[in-house]
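Reproduced below: coords09.txt, with compact mmCIF, N, CA and C atoms.
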```txt
# COMPACT_ATOMS: atom_id res chain seq x y z
N MET U 558 -51.81 -13.49 44.61
CA MET U 558 -50.94 -13.94 45.68
C MET U 558 -49.74 -14.71 45.14
N ILE U 559 -50.00 -15.64 44.23
CA ILE U 559 -48.91 -16.43 43.67
C ILE U 559 -47.99 -15.55 42.82
N ASP U 560 -48.58 -14.60 42.11
CA ASP U 560 -47.76 -13.68 41.32
C ASP U 560 -46.84 -12.87 42.22
N TYR U 561 -47.34 -12.47 43.37
CA TYR U 561 -46.53 -11.71 44.32
C TYR U 561 -45.35 -12.56 44.81
N ILE U 562 -45.61 -13.81 45.12
CA ILE U 562 -44.55 -14.70 45.61
C ILE U 562 -43.49 -14.90 44.54
N PHE U 563 -43.92 -15.18 43.30
CA PHE U 563 -42.96 -15.37 42.22
C PHE U 563 -42.18 -14.09 41.91
N SER U 564 -42.83 -12.95 41.98
CA SER U 564 -42.11 -11.69 41.73
C SER U 564 -41.09 -11.42 42.84
N HIS U 565 -41.44 -11.78 44.07
CA HIS U 565 -40.51 -11.60 45.19
C HIS U 565 -39.30 -12.54 45.04
N ILE U 566 -39.54 -13.78 44.65
CA ILE U 566 -38.44 -14.73 44.42
C ILE U 566 -37.56 -14.24 43.28
N GLU U 567 -38.17 -13.75 42.22
CA GLU U 567 -37.40 -13.23 41.09
C GLU U 567 -36.55 -12.03 41.50
N GLU U 568 -37.08 -11.19 42.36
CA GLU U 568 -36.33 -10.04 42.85
C GLU U 568 -35.11 -10.48 43.66
N ILE U 569 -35.29 -11.50 44.50
CA ILE U 569 -34.18 -12.02 45.30
C ILE U 569 -33.11 -12.63 44.39
N LEU U 570 -33.54 -13.39 43.39
CA LEU U 570 -32.58 -13.99 42.45
C LEU U 570 -31.81 -12.92 41.68
N ASN U 571 -32.51 -11.87 41.25
CA ASN U 571 -31.85 -10.79 40.52
C ASN U 571 -30.86 -10.04 41.41
N THR U 572 -31.21 -9.85 42.67
CA THR U 572 -30.29 -9.20 43.61
C THR U 572 -29.03 -10.03 43.77
N ALA U 573 -29.19 -11.33 43.93
CA ALA U 573 -28.02 -12.20 44.08
C ALA U 573 -27.15 -12.16 42.83
N ARG U 574 -27.78 -12.15 41.67
CA ARG U 574 -27.04 -12.10 40.40
C ARG U 574 -26.33 -10.76 40.21
N ASP U 575 -27.03 -9.68 40.44
CA ASP U 575 -26.49 -8.36 40.13
C ASP U 575 -25.51 -7.84 41.18
N TYR U 576 -25.86 -7.96 42.43
CA TYR U 576 -25.03 -7.38 43.48
C TYR U 576 -23.89 -8.32 43.91
N TYR U 577 -24.21 -9.60 44.10
CA TYR U 577 -23.21 -10.55 44.60
C TYR U 577 -22.50 -11.31 43.49
N LYS U 578 -22.97 -11.19 42.26
CA LYS U 578 -22.39 -11.87 41.10
C LYS U 578 -22.42 -13.39 41.25
N VAL U 579 -23.41 -13.90 41.95
CA VAL U 579 -23.60 -15.33 42.13
C VAL U 579 -24.94 -15.70 41.51
N ASN U 580 -24.92 -16.64 40.59
CA ASN U 580 -26.16 -17.09 39.96
C ASN U 580 -26.77 -18.20 40.81
N PRO U 581 -27.91 -17.96 41.44
CA PRO U 581 -28.51 -18.97 42.30
C PRO U 581 -28.87 -20.26 41.56
N VAL U 582 -29.20 -20.15 40.28
CA VAL U 582 -29.54 -21.35 39.51
C VAL U 582 -28.30 -22.23 39.35
N VAL U 583 -27.15 -21.62 39.09
CA VAL U 583 -25.90 -22.39 38.97
C VAL U 583 -25.58 -23.07 40.30
N PHE U 584 -25.73 -22.33 41.41
CA PHE U 584 -25.50 -22.90 42.73
C PHE U 584 -26.40 -24.11 42.96
N LEU U 585 -27.68 -23.96 42.64
CA LEU U 585 -28.64 -25.04 42.83
C LEU U 585 -28.32 -26.25 41.96
N VAL U 586 -27.92 -26.01 40.71
CA VAL U 586 -27.56 -27.12 39.82
C VAL U 586 -26.34 -27.86 40.36
N ILE U 587 -25.32 -27.12 40.80
CA ILE U 587 -24.13 -27.76 41.38
C ILE U 587 -24.53 -28.59 42.60
N TYR U 588 -25.36 -28.02 43.44
CA TYR U 588 -25.80 -28.71 44.65
C TYR U 588 -26.57 -29.99 44.32
N ILE U 589 -27.48 -29.92 43.37
CA ILE U 589 -28.30 -31.08 43.01
C ILE U 589 -27.46 -32.16 42.32
N VAL U 590 -26.54 -31.75 41.46
CA VAL U 590 -25.68 -32.72 40.77
C VAL U 590 -24.76 -33.42 41.77
N CYS U 591 -24.30 -32.70 42.77
CA CYS U 591 -23.37 -33.28 43.75
C CYS U 591 -24.04 -34.21 44.76
N THR U 592 -25.33 -34.09 44.94
CA THR U 592 -26.01 -34.88 45.98
C THR U 592 -25.91 -36.39 45.76
N PRO U 593 -26.22 -36.95 44.58
CA PRO U 593 -26.07 -38.40 44.43
C PRO U 593 -24.61 -38.85 44.53
N ILE U 594 -23.69 -38.02 44.03
CA ILE U 594 -22.26 -38.36 44.13
C ILE U 594 -21.85 -38.36 45.59
N PHE U 595 -22.39 -37.44 46.38
CA PHE U 595 -22.11 -37.37 47.81
C PHE U 595 -22.48 -38.68 48.50
N TYR U 596 -23.69 -39.16 48.27
CA TYR U 596 -24.14 -40.39 48.93
C TYR U 596 -23.41 -41.62 48.40
N TYR U 597 -23.13 -41.65 47.11
CA TYR U 597 -22.41 -42.80 46.55
C TYR U 597 -20.99 -42.85 47.10
N SER U 598 -20.32 -41.70 47.19
CA SER U 598 -18.96 -41.70 47.71
C SER U 598 -18.94 -42.06 49.19
N LEU U 599 -19.97 -41.66 49.93
CA LEU U 599 -20.06 -42.05 51.33
C LEU U 599 -20.22 -43.57 51.45
N PHE U 600 -21.09 -44.15 50.62
CA PHE U 600 -21.28 -45.59 50.59
C PHE U 600 -19.98 -46.31 50.26
N ARG U 601 -19.27 -45.84 49.23
CA ARG U 601 -18.02 -46.49 48.82
C ARG U 601 -16.93 -46.35 49.88
N THR U 602 -16.91 -45.20 50.57
CA THR U 602 -15.93 -45.02 51.64
C THR U 602 -16.18 -46.01 52.77
N LEU U 603 -17.42 -46.14 53.18
CA LEU U 603 -17.74 -47.07 54.27
C LEU U 603 -17.51 -48.51 53.85
N ARG U 604 -17.80 -48.84 52.59
CA ARG U 604 -17.55 -50.19 52.11
C ARG U 604 -16.06 -50.49 52.07
N ALA U 605 -15.26 -49.52 51.65
CA ALA U 605 -13.82 -49.71 51.62
C ALA U 605 -13.26 -49.85 53.03
N LEU U 606 -13.84 -49.12 53.98
CA LEU U 606 -13.42 -49.28 55.37
C LEU U 606 -13.73 -50.67 55.89
N ALA U 607 -14.90 -51.19 55.54
CA ALA U 607 -15.29 -52.53 55.99
C ALA U 607 -14.37 -53.59 55.41
N LYS U 608 -13.93 -53.38 54.18
CA LYS U 608 -13.03 -54.35 53.54
C LYS U 608 -11.57 -54.04 53.80
N LYS U 609 -11.31 -52.97 54.54
CA LYS U 609 -9.95 -52.55 54.90
C LYS U 609 -9.09 -52.29 53.67
N LEU U 610 -9.62 -51.52 52.73
CA LEU U 610 -8.91 -51.13 51.52
C LEU U 610 -8.46 -49.68 51.68
N GLY U 611 -7.24 -49.48 52.14
CA GLY U 611 -6.75 -48.15 52.50
C GLY U 611 -6.75 -47.15 51.36
N LYS U 612 -6.26 -47.57 50.18
CA LYS U 612 -6.19 -46.63 49.06
C LYS U 612 -7.58 -46.22 48.59
N GLU U 613 -8.51 -47.15 48.59
CA GLU U 613 -9.87 -46.85 48.18
C GLU U 613 -10.55 -45.91 49.18
N VAL U 614 -10.25 -46.08 50.46
CA VAL U 614 -10.81 -45.19 51.48
C VAL U 614 -10.36 -43.77 51.22
N MET U 615 -9.09 -43.59 50.92
CA MET U 615 -8.57 -42.25 50.67
C MET U 615 -9.20 -41.65 49.41
N LEU U 616 -9.32 -42.42 48.36
CA LEU U 616 -9.91 -41.93 47.12
C LEU U 616 -11.35 -41.48 47.32
N TRP U 617 -12.17 -42.34 47.90
CA TRP U 617 -13.59 -42.03 48.05
C TRP U 617 -13.85 -40.98 49.11
N SER U 618 -13.01 -40.90 50.13
CA SER U 618 -13.19 -39.84 51.11
C SER U 618 -12.80 -38.48 50.51
N ALA U 619 -11.82 -38.46 49.62
CA ALA U 619 -11.47 -37.22 48.93
C ALA U 619 -12.61 -36.78 48.00
N ILE U 620 -13.21 -37.73 47.30
CA ILE U 620 -14.35 -37.40 46.44
C ILE U 620 -15.52 -36.90 47.30
N PHE U 621 -15.74 -37.55 48.44
CA PHE U 621 -16.79 -37.14 49.37
C PHE U 621 -16.61 -35.67 49.79
N LEU U 622 -15.39 -35.31 50.17
CA LEU U 622 -15.14 -33.94 50.60
C LEU U 622 -15.29 -32.95 49.44
N CYS U 623 -14.84 -33.31 48.26
CA CYS U 623 -14.95 -32.40 47.11
C CYS U 623 -16.40 -32.09 46.76
N VAL U 624 -17.24 -33.11 46.71
CA VAL U 624 -18.64 -32.86 46.35
C VAL U 624 -19.39 -32.17 47.48
N ASN U 625 -18.92 -32.35 48.71
CA ASN U 625 -19.53 -31.68 49.84
C ASN U 625 -19.27 -30.17 49.80
N VAL U 626 -18.12 -29.78 49.27
CA VAL U 626 -17.70 -28.39 49.30
C VAL U 626 -17.95 -27.66 47.98
N ALA U 627 -18.22 -28.36 46.91
CA ALA U 627 -18.30 -27.77 45.57
C ALA U 627 -19.26 -26.58 45.46
N PRO U 628 -20.50 -26.66 45.93
CA PRO U 628 -21.39 -25.50 45.77
C PRO U 628 -20.88 -24.26 46.52
N PHE U 629 -20.28 -24.49 47.68
CA PHE U 629 -19.81 -23.36 48.48
C PHE U 629 -18.54 -22.76 47.89
N LEU U 630 -17.73 -23.59 47.25
CA LEU U 630 -16.56 -23.06 46.55
C LEU U 630 -16.97 -22.16 45.40
N TYR U 631 -18.08 -22.50 44.75
CA TYR U 631 -18.60 -21.64 43.68
C TYR U 631 -18.88 -20.24 44.22
N VAL U 632 -19.51 -20.17 45.38
CA VAL U 632 -19.80 -18.87 45.98
C VAL U 632 -18.51 -18.16 46.37
N LEU U 633 -17.57 -18.88 46.96
CA LEU U 633 -16.30 -18.26 47.36
C LEU U 633 -15.50 -17.75 46.17
N LEU U 634 -15.47 -18.51 45.08
CA LEU U 634 -14.65 -18.13 43.94
C LEU U 634 -15.28 -17.05 43.07
N PHE U 635 -16.58 -17.10 42.87
CA PHE U 635 -17.22 -16.19 41.93
C PHE U 635 -18.04 -15.09 42.57
N GLY U 636 -18.29 -15.18 43.86
CA GLY U 636 -19.09 -14.17 44.53
C GLY U 636 -18.29 -12.90 44.79
N ARG U 637 -18.96 -11.76 44.71
CA ARG U 637 -18.37 -10.46 45.00
C ARG U 637 -19.28 -9.73 45.98
N ASN U 638 -18.71 -8.81 46.75
CA ASN U 638 -19.46 -7.99 47.71
C ASN U 638 -20.20 -8.83 48.74
N ILE U 639 -19.68 -9.99 49.04
CA ILE U 639 -20.33 -10.89 50.00
C ILE U 639 -19.96 -10.44 51.41
N PRO U 640 -20.96 -10.36 52.30
CA PRO U 640 -20.67 -9.94 53.69
C PRO U 640 -19.72 -10.93 54.37
N TRP U 641 -18.99 -10.42 55.35
CA TRP U 641 -17.98 -11.23 56.04
C TRP U 641 -18.59 -12.45 56.72
N TRP U 642 -19.82 -12.33 57.22
CA TRP U 642 -20.42 -13.44 57.95
C TRP U 642 -20.76 -14.62 57.04
N VAL U 643 -20.91 -14.36 55.73
CA VAL U 643 -21.17 -15.46 54.79
C VAL U 643 -19.93 -16.35 54.69
N TYR U 644 -18.75 -15.74 54.71
CA TYR U 644 -17.51 -16.53 54.69
C TYR U 644 -17.41 -17.41 55.94
N ILE U 645 -17.85 -16.91 57.07
CA ILE U 645 -17.84 -17.70 58.31
C ILE U 645 -18.81 -18.87 58.19
N ILE U 646 -19.99 -18.62 57.65
CA ILE U 646 -20.97 -19.70 57.48
C ILE U 646 -20.43 -20.77 56.52
N ILE U 647 -19.81 -20.34 55.43
CA ILE U 647 -19.25 -21.30 54.47
C ILE U 647 -18.13 -22.11 55.13
N ALA U 648 -17.29 -21.45 55.92
CA ALA U 648 -16.22 -22.16 56.63
C ALA U 648 -16.81 -23.18 57.61
N ILE U 649 -17.89 -22.81 58.28
CA ILE U 649 -18.55 -23.74 59.21
C ILE U 649 -19.13 -24.93 58.44
N LEU U 650 -19.75 -24.69 57.29
CA LEU U 650 -20.31 -25.79 56.50
C LEU U 650 -19.22 -26.72 55.98
N ILE U 651 -18.10 -26.15 55.55
CA ILE U 651 -16.98 -26.99 55.10
C ILE U 651 -16.43 -27.79 56.27
N GLY U 652 -16.27 -27.13 57.42
CA GLY U 652 -15.80 -27.83 58.62
C GLY U 652 -16.75 -28.93 59.05
N GLN U 653 -18.04 -28.68 58.91
CA GLN U 653 -19.04 -29.70 59.25
C GLN U 653 -18.91 -30.91 58.33
N GLY U 654 -18.63 -30.68 57.06
CA GLY U 654 -18.42 -31.79 56.12
C GLY U 654 -17.20 -32.62 56.49
N VAL U 655 -16.11 -31.94 56.83
CA VAL U 655 -14.89 -32.65 57.24
C VAL U 655 -15.15 -33.42 58.52
N LEU U 656 -15.79 -32.79 59.49
CA LEU U 656 -16.08 -33.46 60.77
C LEU U 656 -17.00 -34.66 60.56
N SER U 657 -18.00 -34.50 59.71
CA SER U 657 -18.91 -35.61 59.43
C SER U 657 -18.16 -36.80 58.85
N LEU U 658 -17.25 -36.53 57.92
CA LEU U 658 -16.46 -37.61 57.33
C LEU U 658 -15.59 -38.28 58.39
N LEU U 659 -14.92 -37.48 59.21
CA LEU U 659 -14.06 -38.06 60.24
C LEU U 659 -14.84 -38.92 61.22
N LEU U 660 -16.02 -38.47 61.61
CA LEU U 660 -16.83 -39.27 62.53
C LEU U 660 -17.27 -40.58 61.89
N LYS U 661 -17.62 -40.55 60.62
CA LYS U 661 -18.04 -41.78 59.93
C LYS U 661 -16.85 -42.73 59.75
N LEU U 662 -15.67 -42.17 59.52
CA LEU U 662 -14.49 -43.01 59.37
C LEU U 662 -14.08 -43.64 60.70
N ARG U 663 -14.30 -42.93 61.78
CA ARG U 663 -13.92 -43.45 63.10
C ARG U 663 -14.89 -44.49 63.64
N LYS U 664 -16.08 -44.56 63.07
CA LYS U 664 -17.06 -45.55 63.52
C LYS U 664 -16.54 -46.96 63.34
N ASN U 665 -15.70 -47.17 62.34
CA ASN U 665 -15.11 -48.46 62.01
C ASN U 665 -16.19 -49.51 61.74
N PRO U 666 -16.78 -49.48 60.57
CA PRO U 666 -17.84 -50.43 60.25
C PRO U 666 -17.36 -51.87 60.20
N ALA U 667 -16.05 -52.10 60.17
CA ALA U 667 -15.55 -53.47 60.16
C ALA U 667 -15.93 -54.18 61.46
N ASN U 668 -15.91 -53.46 62.58
CA ASN U 668 -16.33 -54.05 63.86
C ASN U 668 -17.81 -54.39 63.84
N ASP U 669 -18.63 -53.53 63.24
CA ASP U 669 -20.05 -53.80 63.14
C ASP U 669 -20.30 -55.06 62.31
N LEU U 670 -19.51 -55.26 61.27
CA LEU U 670 -19.65 -56.41 60.41
C LEU U 670 -19.33 -57.70 61.18
N LYS U 671 -18.28 -57.66 62.00
CA LYS U 671 -17.91 -58.83 62.80
C LYS U 671 -19.02 -59.17 63.81
N MET U 672 -19.61 -58.14 64.41
CA MET U 672 -20.68 -58.37 65.38
C MET U 672 -21.89 -59.01 64.70
N ASN U 673 -22.22 -58.59 63.50
CA ASN U 673 -23.37 -59.17 62.79
C ASN U 673 -23.12 -60.64 62.47
N LYS U 674 -21.90 -61.01 62.14
CA LYS U 674 -21.60 -62.42 61.84
C LYS U 674 -21.76 -63.27 63.09
N LYS U 675 -21.41 -62.74 64.26
CA LYS U 675 -21.56 -63.52 65.49
C LYS U 675 -23.03 -63.83 65.75
N PHE U 676 -23.89 -62.86 65.52
CA PHE U 676 -25.30 -63.05 65.76
C PHE U 676 -25.96 -63.96 64.72
N ASP U 677 -25.36 -64.03 63.54
CA ASP U 677 -25.92 -64.88 62.49
C ASP U 677 -25.51 -66.35 62.67
N GLY U 678 -24.62 -66.63 63.63
CA GLY U 678 -24.22 -67.98 63.90
C GLY U 678 -23.03 -68.44 63.10
N GLU U 679 -22.33 -67.51 62.50
CA GLU U 679 -21.15 -67.90 61.70
C GLU U 679 -19.90 -67.89 62.55
```

So that I can check it, write out the structure of this file as structure tokens.
Amino acid sequence: MIDYIFSHIEEILNTARDYYKVNPVVFLVIYIVCTPIFYYSLFRTLRALAKKLGKEVMLWSAIFLCVNVAPFLYVLLFGRNIPWWVYIIIAILIGQGVLSLLLKLRKNPANDLKMNKKFDGE
């Protein structure tokens, strides 16, 4: 049973490599490497917003968007024979990343910080 599952996974990986010219292992490595950078840049963006540091907000939000899109750019740049609907899905994922960033930036954590100080008695 386990051999069947591994052989099926290997077949899928080989199909992606041979037909679409996309190495799934490279995609996974890019995705895993970008994940901690994604969360760190989100943390730094929100911290810069709380401290009202405009240039830092722009820097870290740009890094946030780059690491959010990096794995999908790999597929767009190096993939061949990819069905049209995959491009739509990638565009939706990129748009979701941009929308997520905009919503987090509009939350304005500086107001939340002021509210917490009021409750702490400061």

**Q.** Within-7 Å shell of (-19.8, -42.3, 48.4) in input frame, all atoms listed in the file, as a list in words
**A.**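 These residues have at least one counted atom within 7 Å: Ile594, Phe595, Tyr596, Tyr597, Ser598, Leu599, Phe600, Arg601, Thr602, Leu603, Trp617, Ile620 and Phe621 of chain U.
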
Q.
Just want the 7 Å neighbourhood of Ile639 in chain U, counted on all atoms listed in the file, with same-chain residues fewer than 4 positions away dropped. Output as a PyMOL selection string.
A. chain U and resi 576-577+643-644

Q) Expressed in Å to a single decimal, how great is the separation between CA of Leu630 in chain U and CA of Ser564 in chain U? A) 28.4 Å

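Atom pair CA of Asp560 in chain U / atom N of Val579 in chain U: separated by 24.4 Å.
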
Set the distance at 8 Å and use all atoms listed in the file: which residues neighbour Tyr588 in chain U once local chain neighbours fewer than 5 positions away are removed? I'd like the list as an mmCIF file with N, CA and C atoms, in the frame of the given file.
```cif
data_model
loop_
_atom_site.group_PDB
_atom_site.id
_atom_site.type_symbol
_atom_site.label_atom_id
_atom_site.label_comp_id
_atom_site.auth_asym_id
_atom_site.auth_seq_id
_atom_site.Cartn_x
_atom_site.Cartn_y
_atom_site.Cartn_z
ATOM 1 N N VAL U 582 -29.200 -20.150 40.280
ATOM 2 C CA VAL U 582 -29.540 -21.350 39.510
ATOM 3 C C VAL U 582 -28.300 -22.230 39.350
ATOM 4 N N VAL U 583 -27.150 -21.620 39.090
ATOM 5 C CA VAL U 583 -25.900 -22.390 38.970
ATOM 6 C C VAL U 583 -25.580 -23.070 40.300
ATOM 7 N N PRO U 593 -26.220 -36.950 44.580
ATOM 8 C CA PRO U 593 -26.070 -38.400 44.430
ATOM 9 C C PRO U 593 -24.610 -38.850 44.530
ATOM 10 N N VAL U 624 -17.240 -33.110 46.710
ATOM 11 C CA VAL U 624 -18.640 -32.860 46.350
ATOM 12 C C VAL U 624 -19.390 -32.170 47.480
ATOM 13 N N ALA U 627 -18.220 -28.360 46.910
ATOM 14 C CA ALA U 627 -18.300 -27.770 45.570
ATOM 15 C C ALA U 627 -19.260 -26.580 45.460
ATOM 16 N N PRO U 628 -20.500 -26.660 45.930
ATOM 17 C CA PRO U 628 -21.390 -25.500 45.770
ATOM 18 C C PRO U 628 -20.880 -24.260 46.520
ATOM 19 N N PHE U 629 -20.280 -24.490 47.680
ATOM 20 C CA PHE U 629 -19.810 -23.360 48.480
ATOM 21 C C PHE U 629 -18.540 -22.760 47.890
#
```

Q: Go through U:Leu622, U:Leu634, U:Ile651, U:Leu606 one by one, measure the shortest atom-to-atom distance of each to Lys664 in chain U using only C-alpha atoms, and give the residue with the smallest value.
A: U:Leu606

Q. Atom N of Ile589 in chain U to CA of Gly611 in chain U: how many Å, to one decimal?
A.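 One can read the atom N of Ile589 in chain U to CA of Gly611 in chain U distance as 29.1 Å.
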
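Shortest atom-to-atom contact with Val632 in chain U among U:Leu660, U:Glu613, U:Asn580, U:Ile559: U:Asn580, counting all atoms listed in the file.
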